[in-house]
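Engineer: I'd like to ask some things about the structure below.
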Amino acid sequence: LYCVFLLTTNFLFAQNATWEELNAQGMQAYRENRMADAQKYWQQALPQAEKEFGKKHLNYATALNNAGLAHKALGEFTDAEKLYKEALG
């Protein structure tokens, strides 16, 4: 029961999290070498950054870069390249 509560809590947190919170969760997962988790958080952070700041904001570029970093760490180089190019554009 406790595990179900924790999983539900994490899911609900991610549903209502700010870009800053999602980015921090992704950074923590990345530091702990949990790349699939980092990718999950950073992918969620992308639309949140766009919503909060717009596509021309530095935080949106950071979200793109971080998502690319996770893809690169997972060996998904084509996806990483697309995100990096958008971050630079």
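For the structure tokens, the naming scheme is as follows: chains receive sequential letters (A, B, ...) according to their order of presentation, residues are indexed from 1 within each chain, and ligands are indexed from 1 in presentation order.
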Skipping near chain neighbours, those fewer than 5 positions away, what residues fall within 9 Å of His71 of chain A using only C-alpha atoms, listed as an MDAnalysis selection string?
Structural biologist: chainID A and resid 35:36 39 66 76:81
Engineer: Within 10 Å of Gln44 of chain A, counting only C-alpha atoms, which residues qualify if same-chain residues fewer than 2 places away don't, as a short mmCIF file (atom, residue, chain, number, x, y, z; two decimals) with N, CA and C atoms, in the first residue's frame?
Structural biologist:
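Output (out.cif):
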data_model
loop_
_atom_site.label_atom_id
_atom_site.label_comp_id
_atom_site.auth_asym_id
_atom_site.auth_seq_id
_atom_site.Cartn_x
_atom_site.Cartn_y
_atom_site.Cartn_z
N ALA A 14 4.08 15.10 -10.82
CA ALA A 14 4.52 15.40 -12.19
C ALA A 14 3.42 16.05 -13.00
N GLN A 15 2.17 15.73 -12.72
CA GLN A 15 1.05 16.30 -13.46
C GLN A 15 0.89 17.80 -13.19
N ALA A 17 3.44 19.86 -11.74
CA ALA A 17 4.73 20.44 -11.41
C ALA A 17 5.06 21.62 -12.32
N THR A 18 5.85 22.53 -11.78
CA THR A 18 6.36 23.65 -12.56
C THR A 18 7.59 23.18 -13.34
N TRP A 19 8.01 24.00 -14.29
CA TRP A 19 9.22 23.68 -15.04
C TRP A 19 10.40 23.51 -14.09
N LEU A 22 10.21 20.10 -12.35
CA LEU A 22 10.50 19.00 -13.27
C LEU A 22 11.97 18.99 -13.66
N ASN A 23 12.54 20.15 -13.89
CA ASN A 23 13.96 20.25 -14.23
C ASN A 23 14.82 19.73 -13.08
N GLY A 26 14.66 16.01 -12.93
CA GLY A 26 15.49 15.46 -14.00
C GLY A 26 16.96 15.52 -13.68
N ALA A 38 15.38 10.59 -15.87
CA ALA A 38 15.76 11.95 -16.25
C ALA A 38 15.06 12.35 -17.54
N GLN A 39 15.07 11.43 -18.50
CA GLN A 39 14.40 11.70 -19.77
C GLN A 39 12.91 11.96 -19.57
N LYS A 40 12.27 11.17 -18.73
CA LYS A 40 10.84 11.33 -18.46
C LYS A 40 10.55 12.72 -17.89
N TYR A 41 11.31 13.12 -16.88
CA TYR A 41 11.09 14.43 -16.27
C TYR A 41 11.37 15.56 -17.25
N TRP A 42 12.47 15.44 -17.99
CA TRP A 42 12.83 16.51 -18.91
C TRP A 42 11.89 16.60 -20.10
N LEU A 46 9.57 20.10 -21.07
CA LEU A 46 9.53 20.86 -22.33
C LEU A 46 8.23 21.64 -22.53
N PRO A 47 7.07 20.98 -22.54
CA PRO A 47 5.84 21.75 -22.74
C PRO A 47 5.56 22.70 -21.57
N GLN A 48 6.03 22.32 -20.38
CA GLN A 48 5.83 23.19 -19.23
C GLN A 48 6.65 24.47 -19.38
N ALA A 49 7.88 24.35 -19.86
CA ALA A 49 8.72 25.53 -20.09
C ALA A 49 8.11 26.42 -21.15
N ALA A 63 15.55 23.49 -21.27
CA ALA A 63 14.72 22.28 -21.28
C ALA A 63 15.03 21.43 -22.51
N ALA A 67 16.74 17.67 -22.28
CA ALA A 67 16.08 16.53 -22.92
C ALA A 67 17.04 15.88 -23.91
#
Engineer: Got a sec: who's within 9 Å of Asn59 of chain A, counting only C-alpha atoms, leaving out chain neighbours fewer than 5 positions off, as a PDB file with N, CA and C atoms, in the first residue's frame?
Structural biologist:
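Generated output (around_27.pdb):
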ATOM      1  N   TRP A  19       8.015  24.005 -14.294  1.00  0.00           N
ATOM      2  CA  TRP A  19       9.219  23.679 -15.041  1.00  0.00           C
ATOM      3  C   TRP A  19      10.395  23.510 -14.093  1.00  0.00           C
ATOM      4  N   GLU A  20      10.514  24.392 -13.136  1.00  0.00           N
ATOM      5  CA  GLU A  20      11.638  24.342 -12.207  1.00  0.00           C
ATOM      6  C   GLU A  20      11.659  23.022 -11.435  1.00  0.00           C
ATOM      7  N   ALA A  49       7.879  24.349 -19.855  1.00  0.00           N
ATOM      8  CA  ALA A  49       8.720  25.528 -20.087  1.00  0.00           C
ATOM      9  C   ALA A  49       8.112  26.419 -21.152  1.00  0.00           C
ATOM     10  N   GLU A  50       7.603  25.804 -22.217  1.00  0.00           N
ATOM     11  CA  GLU A  50       6.958  26.594 -23.269  1.00  0.00           C
ATOM     12  C   GLU A  50       5.741  27.339 -22.716  1.00  0.00           C
ATOM     13  N   PHE A  53       7.153  30.087 -20.076  1.00  0.00           N
ATOM     14  CA  PHE A  53       8.099  31.111 -20.511  1.00  0.00           C
ATOM     15  C   PHE A  53       8.018  31.478 -21.993  1.00  0.00           C
ATOM     16  N   GLY A  54       7.546  30.571 -22.824  1.00  0.00           N
ATOM     17  CA  GLY A  54       7.567  30.786 -24.263  1.00  0.00           C
ATOM     18  C   GLY A  54       8.829  30.211 -24.878  1.00  0.00           C
ATOM     19  N   LEU A  64      15.200  22.060 -23.661  1.00  0.00           N
ATOM     20  CA  LEU A  64      15.564  21.332 -24.881  1.00  0.00           C
ATOM     21  C   LEU A  64      16.937  20.668 -24.732  1.00  0.00           C
TER      22      LEU A  64
END
Engineer: Enumerate the residues of chain A with a DSSP assignment of alpha helix (DSSP H), computed from the backbone, and present them as a count of residues only.
Structural biologist: 75
Engineer: Any idea what the distance is between atom CA of Lys56 of chain A and atom CA of Gln25 of chain A?
Structural biologist: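 Between atom CA of Lys56 of chain A and atom CA of Gln25 of chain A the gap is 23.0 Å.
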Engineer: Quote the spacing between atom CA of Tyr84 of chain A and atom CA of Glu21 of chain A in Å to one decimal place.
Structural biologist: 21.6 Å
Engineer: Which is closest to Gln43 of chain A among A:Ala87, A:Ala70, A:Lys82, A:Ala61, if we use only C-alpha atoms?
Structural biologist: A:Ala70
Engineer: Expressed in Å to a single decimal, how great is the separation between atom CA of Gly89 of chain A and atom CA of Lys55 of chain A?
Structural biologist: 10.2 Å
Engineer: Could you tell me which of A:Leu88, A:Leu83, A:Arg34, A:Asn16 comes closest to His57 of chain A if we count only C-alpha atoms?
Structural biologist: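 Selected residue with least distance to His57 of chain A: A:Leu88.
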